[in-house]
Amino acid sequence: TDVTLLSFARYVVVVGIYFIGSVVVVSSIPGASDSLTALLASGSIVAVVVGFAAQDTLGNVAGGVMILLFHPFRVGDYIETTEIAGTVNAISVLYTVVLTPDNKRVTVPNGSLTNAAITNYSAEGQRRVELTFSVSYDCDIDKVKQILLSVAESDPKSLKDPAPLARLKTQSASSLDFVLRVWCAPENYWDLYFDLNENVKKALDEAGMEIPFPQMDVHMR
């Protein structure tokens with residue numbers, strides 16, 4: 001069952017039940033039929049007035065419908081906009097609730113989300129961790145690539161398909177910079193990110209690979 005659809009539909013059904021229930025209660029009162037007709041007529045006028053006064057609210061409702069129909073994200077997805085990043089916790093008629101990585105609860109109007117550029121990190125089912133490691137010019141290129149790939153392939157959170165990639169990226173002023181790209185499930189991204197950082201450092205130290213500091217050669221005349 002679509003959790004997003006259930007969350008949205010629950011609010012719509014509750015509002016509908018309250019409205020229908022109110023009409024049934026009023027109509028069941030003896031001699032209240034004329035009053036009910038007048039009530040519904042005046043309610044229509046009030047609805048028009050309120051509609052003009054609550055355009056932002058109606059925009060949020062329309063945004064909720066767009067999210068429900070086109071699924072730019074779902075409950076449980078990790079999303080990012082220019083203003084917020086986090087995991088979608090709930091989607092209601094008016095608002096979407098997002099939990100940030102440091103567990104802050106942020107309520108975002110649906111209207112602003114439908115008008116924003118949204119990056120959904122969970123939609124494709126895979127994320128790529130990309131890290132850069134620097135070694136000295138004295139290090140063997142093939143040996144460094146072998147170490148990086150060995151660390152990546154030995155981590156159970158890394159995916160075999162697509163396979164990890166390690167290549168020389170840049171010949172910097174004081175170092176050779178290697179890029180390591182490893183694919184993983186979205187929920188494992190940060191764990192793999194930190195594990196690779198730590199384990200590659202240990203592996204390079206064990207292999208005697210120097211990680212250089214910025215250097216400058218000064219020639220005195």
# chains A, B, ... in the order shown; residues from 1 in each chain; ligands from 1

$ select_by_dssp --residues "segment 51-127 of chain A" --states "strand (DSSP E or B)" --output "list in words"
Tyr78, Ile79, Glu80, Ala85, Gly86, Thr87, Val88, Asn89, Ala90, Ile91, Tyr95, Thr96, Val97, Val98, Leu99, Arg105, Val106, Thr107, Val108, Pro109, Thr119, Asn120 and Arg127 of chain A

$ select_by_dssp --residues "segment 6-157 of chain A" --states "alpha helix (DSSP H)" --output "PyMOL selection string"
chain A and resi 6-27+33-53+55-70+110-114+141-154

$ closest_atom_pairs --of "segment 98-188 of chain A" --to "segment 201-221 of chain A" --cutoff "8 Å" --atoms "only C-alpha atoms" --output "Markdown table"
| residue | atom | partner | partner_atom | distance |
| --- | --- | --- | --- | --- |
| A:Ser134 | CA | A:Ile211 | CA | 6.0 |
| A:Val135 | CA | A:Ile211 | CA | 4.5 |
| A:Ser136 | CA | A:Pro212 | CA | 5.5 |
| A:Cys139 | CA | A:Met209 | CA | 6.3 |
| A:Val144 | CA | A:Leu204 | CA | 7.8 |
| A:Ile147 | CA | A:Ala203 | CA | 6.8 |
| A:Val151 | CA | A:Ala203 | CA | 7.6 |
| A:Ala173 | CA | A:Pro214 | CA | 7.8 |
| A:Ser174 | CA | A:Pro214 | CA | 5.5 |
| A:Ser175 | CA | A:Pro212 | CA | 6.5 |
